[in-house]
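Student: Next comes the structure file my_file11.tsv, holding TSV, C-alpha atoms.
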chain	number	residue	atom	x	y	z
I	1	MET	CA	11.32	-24.69	33.74
I	2	ASN	CA	11.41	-23.63	30.10
I	3	PRO	CA	10.15	-20.03	29.74
I	4	ARG	CA	9.40	-20.55	26.04
I	5	MET	CA	7.16	-23.57	26.67
I	6	MET	CA	5.50	-21.85	29.61
I	7	GLY	CA	4.84	-18.76	27.48
I	8	ALA	CA	3.42	-20.87	24.65
I	9	THR	CA	1.01	-22.56	27.07
I	10	ALA	CA	-0.08	-19.22	28.51
I	11	ALA	CA	-0.63	-17.80	25.00
I	12	ARG	CA	-2.80	-20.78	24.03
I	13	VAL	CA	-4.97	-20.41	27.14
I	14	LEU	CA	-5.37	-16.68	26.54
I	15	ARG	CA	-6.46	-17.34	22.94
I	16	GLN	CA	-9.09	-19.75	24.23
I	17	LEU	CA	-10.34	-17.18	26.74
I	18	ARG	CA	-10.52	-14.54	24.02
I	19	GLY	CA	-13.05	-16.73	22.23
I	20	ASP	CA	-15.18	-17.09	25.36
I	21	PRO	CA	-16.92	-13.74	26.03
I	22	ARG	CA	-18.86	-15.12	28.98
I	23	SER	CA	-15.68	-16.05	30.85
I	24	ILE	CA	-14.17	-12.64	30.08
I	25	ALA	CA	-17.31	-10.94	31.42
I	26	LEU	CA	-17.24	-13.13	34.51
I	27	ILE	CA	-13.61	-12.21	35.17
I	28	LEU	CA	-13.69	-8.49	34.41
I	29	VAL	CA	-17.26	-7.35	35.00
I	30	VAL	CA	-18.76	-9.47	37.79
I	31	PRO	CA	-16.45	-8.32	40.64
I	32	ALA	CA	-17.15	-4.67	39.78
I	33	VAL	CA	-20.90	-5.35	39.66
I	34	LEU	CA	-20.82	-7.12	43.02
I	35	LEU	CA	-18.83	-4.22	44.46
I	36	THR	CA	-21.58	-1.91	43.23
I	37	PHE	CA	-24.15	-3.95	45.17
I	38	VAL	CA	-22.02	-3.62	48.31
I	39	TYR	CA	-21.78	0.16	47.87
I	40	TYR	CA	-25.52	0.68	47.51
I	41	LEU	CA	-26.19	-1.72	50.38
I	42	PHE	CA	-24.64	0.87	52.72
I	43	GLU	CA	-25.52	4.00	50.73
I	44	ASN	CA	-28.19	5.27	53.13
I	45	GLU	CA	-26.38	4.66	56.42
I	46	THR	CA	-26.13	7.62	58.78
I	47	LEU	CA	-22.89	8.03	60.71
I	48	PRO	CA	-21.59	10.67	63.13
I	49	PRO	CA	-18.95	13.05	61.73
I	50	GLY	CA	-15.49	11.52	61.57
I	51	ILE	CA	-16.70	7.91	61.52
I	52	PRO	CA	-15.49	6.00	58.43
I	53	ARG	CA	-18.11	4.61	56.07
I	54	THR	CA	-18.91	0.92	56.35
I	55	PHE	CA	-18.17	0.64	52.63
I	56	ASP	CA	-14.59	1.79	53.22
I	57	ARG	CA	-14.07	-1.26	55.43
I	58	VAL	CA	-16.26	-3.89	53.78
I	59	GLY	CA	-15.67	-2.74	50.20
I	60	LEU	CA	-11.93	-2.92	50.72
I	61	MET	CA	-12.20	-6.55	51.82
I	62	MET	CA	-14.42	-7.35	48.87
I	63	LEU	CA	-11.60	-6.25	46.56
I	64	ALA	CA	-9.80	-9.37	47.74
I	65	ILE	CA	-12.71	-11.76	48.23
I	66	PHE	CA	-14.65	-11.27	44.98
I	67	PRO	CA	-11.65	-11.80	42.66
I	68	PHE	CA	-10.60	-14.82	44.72
I	69	VAL	CA	-14.02	-16.45	44.29
I	70	VAL	CA	-14.38	-15.60	40.60
I	71	MET	CA	-10.89	-16.79	39.61
I	72	PHE	CA	-11.38	-20.01	41.57
I	73	LEU	CA	-14.55	-20.76	39.61
I	74	VAL	CA	-13.21	-19.78	36.19
I	75	THR	CA	-9.92	-21.62	36.62
I	76	SER	CA	-11.36	-24.84	38.04
I	77	ILE	CA	-14.03	-25.10	35.34
I	78	THR	CA	-11.69	-24.18	32.47
I	79	MET	CA	-9.03	-26.62	33.65
I	80	LEU	CA	-11.66	-29.33	34.05
I	81	ARG	CA	-12.68	-28.81	30.42
I	82	GLU	CA	-9.03	-29.19	29.41
I	83	ARG	CA	-8.91	-32.51	31.24
I	84	THR	CA	-12.22	-33.95	30.07
I	85	SER	CA	-11.78	-32.85	26.45
I	86	GLY	CA	-8.48	-34.68	26.19
I	87	THR	CA	-6.49	-31.50	25.55
I	88	LEU	CA	-4.41	-31.89	28.68
I	89	GLU	CA	-3.70	-35.53	27.98
I	90	SER	CA	-2.60	-34.71	24.44
I	91	LEU	CA	-0.24	-32.02	25.72
I	92	LEU	CA	1.30	-34.49	28.16
I	93	THR	CA	2.37	-36.70	25.24
I	94	THR	CA	4.62	-33.87	24.00
I	95	PRO	CA	8.07	-33.04	25.44
I	96	ILE	CA	6.59	-30.20	27.53
I	97	HIS	CA	7.37	-30.54	31.24
I	98	LYS	CA	4.55	-30.67	33.77
I	99	ALA	CA	5.91	-27.60	35.53
I	100	ASP	CA	5.95	-25.61	32.27
I	101	LEU	CA	2.37	-26.65	31.59
I	102	LEU	CA	1.09	-25.89	35.07
I	103	PHE	CA	2.86	-22.55	35.42
I	104	GLY	CA	1.77	-21.65	31.87
I	105	TYR	CA	-1.85	-22.10	32.90
I	106	ALA	CA	-1.18	-20.17	36.10
I	107	LEU	CA	0.52	-17.36	34.17
I	108	ALA	CA	-2.38	-16.96	31.73
I	109	PHE	CA	-5.04	-16.86	34.42
I	110	SER	CA	-2.87	-14.64	36.62
I	111	MET	CA	-2.66	-12.07	33.82
I	112	MET	CA	-6.45	-12.03	33.66
I	113	ALA	CA	-6.55	-11.87	37.45
I	114	ALA	CA	-4.31	-8.81	37.45
I	115	LEU	CA	-6.54	-7.07	34.92
I	116	GLN	CA	-9.58	-8.01	36.96
I	117	SER	CA	-8.08	-6.55	40.13
I	118	LEU	CA	-7.16	-3.31	38.36
I	119	VAL	CA	-10.74	-2.90	37.08
I	120	ALA	CA	-12.33	-3.62	40.47
I	121	THR	CA	-9.92	-1.35	42.34
I	122	ALA	CA	-10.45	1.48	39.84
I	123	VAL	CA	-14.21	1.20	40.32
I	124	ALA	CA	-13.83	1.22	44.11
I	125	TYR	CA	-11.64	4.35	44.14
I	126	TRP	CA	-12.87	6.41	41.21
I	127	VAL	CA	-16.56	5.54	41.16
I	128	PHE	CA	-17.38	4.92	44.81
I	129	GLY	CA	-14.68	7.04	46.44
I	130	LEU	CA	-13.05	4.38	48.60
I	131	ASP	CA	-11.25	6.29	51.35
I	132	ILE	CA	-8.45	4.59	53.29
I	133	LYS	CA	-5.04	5.72	54.54
I	134	GLY	CA	-2.95	3.32	52.50
I	135	ASN	CA	-1.59	3.41	48.96
I	136	PRO	CA	-3.97	2.15	46.21
I	137	GLY	CA	-1.03	0.36	44.60
I	138	LEU	CA	-0.68	-1.84	47.69
I	139	VAL	CA	-4.41	-2.61	47.53
I	140	VAL	CA	-3.97	-3.72	43.91
I	141	LEU	CA	-0.99	-5.87	44.90
I	142	VAL	CA	-2.96	-7.76	47.55
I	143	ALA	CA	-5.99	-8.06	45.27
I	144	VAL	CA	-3.82	-9.56	42.50
I	145	LEU	CA	-2.21	-12.02	44.91
I	146	ASN	CA	-5.65	-13.05	46.11
I	147	SER	CA	-6.79	-13.60	42.53
I	148	VAL	CA	-3.70	-15.70	41.83
I	149	LEU	CA	-4.45	-17.70	44.97
I	150	GLY	CA	-7.90	-18.41	43.54
I	151	VAL	CA	-6.21	-19.52	40.31
I	152	ALA	CA	-3.86	-21.90	42.14
I	153	LEU	CA	-6.66	-23.45	44.22
I	154	GLY	CA	-8.81	-23.78	41.09
I	155	LEU	CA	-6.01	-25.65	39.29
I	156	LEU	CA	-5.64	-27.99	42.25
I	157	CYS	CA	-9.34	-28.67	42.82
I	158	SER	CA	-10.05	-29.31	39.13
I	159	ALA	CA	-8.13	-32.58	39.44
I	160	PHE	CA	-10.72	-33.96	41.86
I	161	ALA	CA	-13.82	-33.12	39.80
I	162	ARG	CA	-15.32	-35.06	36.93
I	163	THR	CA	-17.99	-32.56	35.91
I	164	GLU	CA	-18.43	-28.81	36.07
I	165	PHE	CA	-21.09	-29.30	38.75
I	166	GLN	CA	-18.56	-31.16	40.89
I	167	ALA	CA	-16.07	-28.33	40.37
I	168	VAL	CA	-18.64	-25.84	41.71
I	169	GLN	CA	-19.27	-28.14	44.68
I	170	PHE	CA	-15.76	-27.43	45.93
I	171	MET	CA	-16.83	-23.89	46.80
I	172	PRO	CA	-18.50	-24.85	50.12
I	173	VAL	CA	-15.37	-26.80	51.05
I	174	VAL	CA	-12.56	-24.55	49.84
I	175	VAL	CA	-13.95	-21.02	49.46
I	176	ILE	CA	-16.81	-20.39	51.88
I	177	PRO	CA	-14.98	-21.46	55.08
I	178	GLN	CA	-12.19	-19.02	54.22
I	179	ILE	CA	-14.68	-16.18	53.75
I	180	LEU	CA	-16.35	-16.95	57.08
I	181	LEU	CA	-13.09	-17.21	59.03
I	182	CYS	CA	-10.94	-14.55	57.35
I	183	GLY	CA	-11.89	-11.83	59.85
I	184	LEU	CA	-14.48	-10.06	57.71
I	185	PHE	CA	-17.40	-10.78	60.06
I	186	VAL	CA	-15.61	-11.30	63.39
I	187	ALA	CA	-12.07	-10.35	64.32
I	188	ARG	CA	-9.98	-13.51	64.31
I	189	ASP	CA	-8.65	-12.93	67.82
I	190	GLN	CA	-12.26	-12.83	69.09
I	191	MET	CA	-13.19	-16.20	67.59
I	192	ASN	CA	-13.53	-19.53	69.33
I	193	SER	CA	-10.00	-20.89	69.87
I	194	VAL	CA	-10.56	-23.78	67.46
I	195	LEU	CA	-11.90	-21.51	64.72
I	196	GLU	CA	-9.05	-19.08	65.28
I	197	ALA	CA	-6.55	-21.91	64.88
I	198	VAL	CA	-8.22	-22.96	61.64
I	199	SER	CA	-8.23	-19.37	60.35
I	200	ASN	CA	-4.49	-19.16	60.99
I	201	VAL	CA	-3.82	-21.78	58.31
I	202	LEU	CA	-6.20	-20.33	55.71
I	203	PRO	CA	-4.58	-18.03	53.12
I	204	LEU	CA	-7.51	-15.64	52.80
I	205	SER	CA	-7.00	-14.63	56.45
I	206	TYR	CA	-3.61	-13.18	55.59
I	207	SER	CA	-4.93	-11.17	52.66
I	208	VAL	CA	-7.56	-9.59	54.92
I	209	ASP	CA	-4.88	-8.87	57.53
I	210	ALA	CA	-2.75	-7.23	54.84
I	211	LEU	CA	-5.64	-5.05	53.66
I	212	GLN	CA	-6.40	-4.01	57.22
I	213	GLU	CA	-2.77	-2.95	57.62
I	214	ILE	CA	-3.02	-0.92	54.40
I	215	ALA	CA	-6.28	0.68	55.50
I	216	GLY	CA	-4.84	1.80	58.81
I	217	HIS	CA	-1.41	3.07	57.76
I	218	SER	CA	-0.30	5.65	55.22
I	219	THR	CA	2.84	3.65	54.42
I	220	SER	CA	3.55	-0.05	54.10
I	221	THR	CA	4.29	-1.89	57.34
I	222	ALA	CA	6.41	-4.92	58.21
I	223	ALA	CA	3.25	-6.79	59.19
I	224	MET	CA	1.72	-6.14	55.77
I	225	TRP	CA	4.79	-7.44	53.93
I	226	ALA	CA	4.86	-10.48	56.20
I	227	ASP	CA	1.24	-11.24	55.22
I	228	VAL	CA	2.13	-10.75	51.53
I	229	LEU	CA	5.02	-13.20	51.82
I	230	VAL	CA	2.74	-15.75	53.49
I	231	MET	CA	0.27	-15.41	50.61
I	232	ILE	CA	3.05	-15.91	48.05
I	233	GLY	CA	4.15	-19.00	49.96
I	234	PHE	CA	0.60	-20.38	49.87
I	235	VAL	CA	0.37	-19.81	46.10
I	236	LEU	CA	3.65	-21.61	45.41
I	237	ALA	CA	2.76	-24.47	47.76
I	238	VAL	CA	-0.64	-24.99	46.12
I	239	LEU	CA	0.90	-24.97	42.64
I	240	LEU	CA	3.44	-27.58	43.75
I	241	LEU	CA	0.61	-29.71	45.16
I	242	ALA	CA	-1.25	-29.36	41.86
I	243	SER	CA	1.71	-30.54	39.79
I	244	PRO	CA	1.25	-34.30	40.48
I	245	THR	CA	-2.39	-34.05	39.32
I	246	LEU	CA	-1.18	-33.40	35.75
I	247	ARG	CA	-1.04	-36.97	34.52
I	248	ARG	CA	-2.28	-39.01	31.64
I	249	GLN	CA	-5.58	-40.75	32.23
I	250	THR	CA	-5.04	-43.55	29.72
I	251	PRO	CA	-1.99	-45.77	29.23
Rewrite the structure from the file as structure tokens, please.
Tutor:
Amino acid sequence: MNPRMMGATAARVLRQLRGDPRSIALILVVPAVLLTFVYYLFENETLPPGIPRTFDRVGLMMLAIFPFVVMFLVTSITMLRERTSGTLESLLTTPIHKADLLFGYALAFSMMAALQSLVATAVAYWVFGLDIKGNPGLVVLVAVLNSVLGVALGLLCSAFARTEFQAVQFMPVVVIPQILLCGLFVARDQMNSVLEAVSNVLPLSYSVDALQEIAGHSTSTAAMWADVLVMIGFVLAVLLLASPTLRRQTP
């Protein structure tokens, strides 16, 4: 890969995003707003002394899920526009390598994803008083990885859509099953054996496992780092799968 070409691609994508206030709002503001809804959903619960708030458990998981969903939508739709407008095809006529182009897109969206995760995590801790045992920095790390996972899946799925509506239709196939089976609603080891097997190959399951490890331990654990490495592996694998989809549409 050529770092200069990759950086140039990332800079171009960031300039485009800068001229799109709605996308910036969707990336930076929407996860924090949704987190606010979750907080007030449980605001009036009554718990015995010493029992953790429901928000401390559910809100923590939302720090991974909301950015994942938002970055999947933004990336898939933005990349689809690049394809349908002819921008991607024009770039492929230049000497730039596919890997430089793909990782340039991933780098640009990942930078926005990191900023998004920092904003959402700051709101959770400083506004709503999220209280867990683990280090906030580790929470940010997992949230960023989850956002980048959404970016990678969005890049991949954009190749199979022809319209923005079709891009959104991938959510019930790619995103929602992961949310249902990640362990947020039912512990994965208590699921039907078939569903548990499916959840074991879904990347969002490992981000939830990592966050649960962070919530329950004051220091990082080997299990948490193992989940983080699995997530990184998923991101790289998805980006490699997306690489062949970068092709010219006309001879």
Student: Taking all atoms listed in the file into account, which of I:Val230, I:Leu138, I:Arg22, I:Ile132 comes nearest Leu118 (chain I)?
Tutor: I:Leu138
Student: Write out as a count of residues only which residues come within 7 Å of region 29-40 of chain I when counting only C-alpha atoms, dropping same-chain ones fewer than 6 positions away.
Tutor: 7
Student: Which residues, written as a list in words, have at least one atom at most 7 Å from Ala167 (chain I), with only C-alpha atoms counted and residues fewer than 3 positions away on the same chain left out?
Tutor: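 Surrounding residues, per the criterion: Ser76, Ile77, Ser158, Ala161, Thr163, Glu164 and Phe170 of chain I.
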Student: Go ahead and write the residues just picked, C-alpha atoms, as a short mmCIF file (atom, residue, chain, number, x, y, z; two decimals), in the frame of the given file.
Tutor:
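Dumped to again.cif:
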data_model
loop_
_atom_site.label_atom_id
_atom_site.label_comp_id
_atom_site.auth_asym_id
_atom_site.auth_seq_id
_atom_site.Cartn_x
_atom_site.Cartn_y
_atom_site.Cartn_z
CA SER I 76 -11.36 -24.84 38.04
CA ILE I 77 -14.03 -25.10 35.34
CA SER I 158 -10.05 -29.31 39.13
CA ALA I 161 -13.82 -33.12 39.80
CA THR I 163 -17.99 -32.56 35.91
CA GLU I 164 -18.43 -28.81 36.07
CA PHE I 170 -15.76 -27.43 45.93
#
Student: Can you pull out the residues contacting Arg188 (chain I)? Cut-off 9 Å, using all atoms listed in the file, and skip same-chain residues under 5 positions away; I want them as number ranges by chain.
Tutor: I: 181-183, 195-196, 199-200, 205
Student: Name the closest residue to Ser243 (chain I) among the candidates I:Ala187, I:Leu80, I:Met61, I:Leu101; distances are taken between atoms, counting all atoms listed in the file.
Tutor: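 Selected residue with least distance to Ser243 (chain I): I:Leu101.
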Student: Near Leu236 (chain I), within 12 Å and counting all atoms listed in the file, which residues show up once chain neighbours fewer than 2 positions away are dropped, as a JSON list (two decimals) with C-alpha atoms, in the frame of the given file?
Tutor:
[["chain", "number", "residue", "atom", "x", "y", "z"],
["I", 99, "ALA", "CA", 5.91, -27.60, 35.53],
["I", 102, "LEU", "CA", 1.09, -25.89, 35.07],
["I", 103, "PHE", "CA", 2.86, -22.55, 35.42],
["I", 106, "ALA", "CA", -1.18, -20.17, 36.10],
["I", 145, "LEU", "CA", -2.21, -12.02, 44.91],
["I", 148, "VAL", "CA", -3.70, -15.70, 41.83],
["I", 149, "LEU", "CA", -4.45, -17.70, 44.97],
["I", 151, "VAL", "CA", -6.21, -19.52, 40.31],
["I", 152, "ALA", "CA", -3.86, -21.90, 42.14],
["I", 153, "LEU", "CA", -6.66, -23.45, 44.22],
["I", 156, "LEU", "CA", -5.64, -27.99, 42.25],
["I", 203, "PRO", "CA", -4.58, -18.03, 53.12],
["I", 229, "LEU", "CA", 5.02, -13.20, 51.82],
["I", 230, "VAL", "CA", 2.74, -15.75, 53.49],
["I", 231, "MET", "CA", 0.27, -15.41, 50.61],
["I", 232, "ILE", "CA", 3.05, -15.91, 48.05],
["I", 233, "GLY", "CA", 4.15, -19.00, 49.96],
["I", 234, "PHE", "CA", 0.60, -20.38, 49.87],
["I", 238, "VAL", "CA", -0.64, -24.99, 46.12],
["I", 239, "LEU", "CA", 0.90, -24.97, 42.64],
["I", 240, "LEU", "CA", 3.44, -27.58, 43.75],
["I", 241, "LEU", "CA", 0.61, -29.71, 45.16],
["I", 242, "ALA", "CA", -1.25, -29.36, 41.86],
["I", 243, "SER", "CA", 1.71, -30.54, 39.79]]
Student: Would you be able to write out as a PyMOL selection string which residues have an atom within 12 Å of (-6.1, -13.6, 37.0) in the file's coordinates, counting all atoms listed in the file?
Tutor: chain I and resi 10+14+17+23-24+26-28+66-75+105-119+143-152+154
Student: As an exercise, work out the distance from CA of Phe160 (chain I) to CA of Ala8 (chain I) in Å and give it to one decimal place.
Tutor: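 Going from CA of Phe160 (chain I) over to CA of Ala8 (chain I), I get 25.8 Å.
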Student: When you draw a straight line from CA of Asp100 (chain I) to CA of Arg83 (chain I), how long is it in Å?
Tutor: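 One can read the CA of Asp100 (chain I) to CA of Arg83 (chain I) distance as 16.4 Å.
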Student: Would you list the residues near (-16.2, -10.1, 53.4) (no more than 7 Å away, in the coordinates of the file, using all atoms listed in the file) as a PyMOL selection string?
Tutor: chain I and resi 58+61-62+65+179+184-185
Student: Could you work out how far CA of Arg81 (chain I) lies from CA of Pro21 (chain I), giving the answer in Å with one decimal?
Tutor: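 It comes out at 16.3 Å.
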Student: Would you list the contacts of His217 (chain I) as a list in words, taking every protein, DNA or RNA residue within 10 Å and counting only C-alpha atoms, but skipping same-chain residues closer than 4 positions in sequence?
Tutor: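 These residues fall inside the cut-off: Ile132, Lys133, Gly134, Asn135, Gln212, Glu213, Thr221 and Met224 of chain I.
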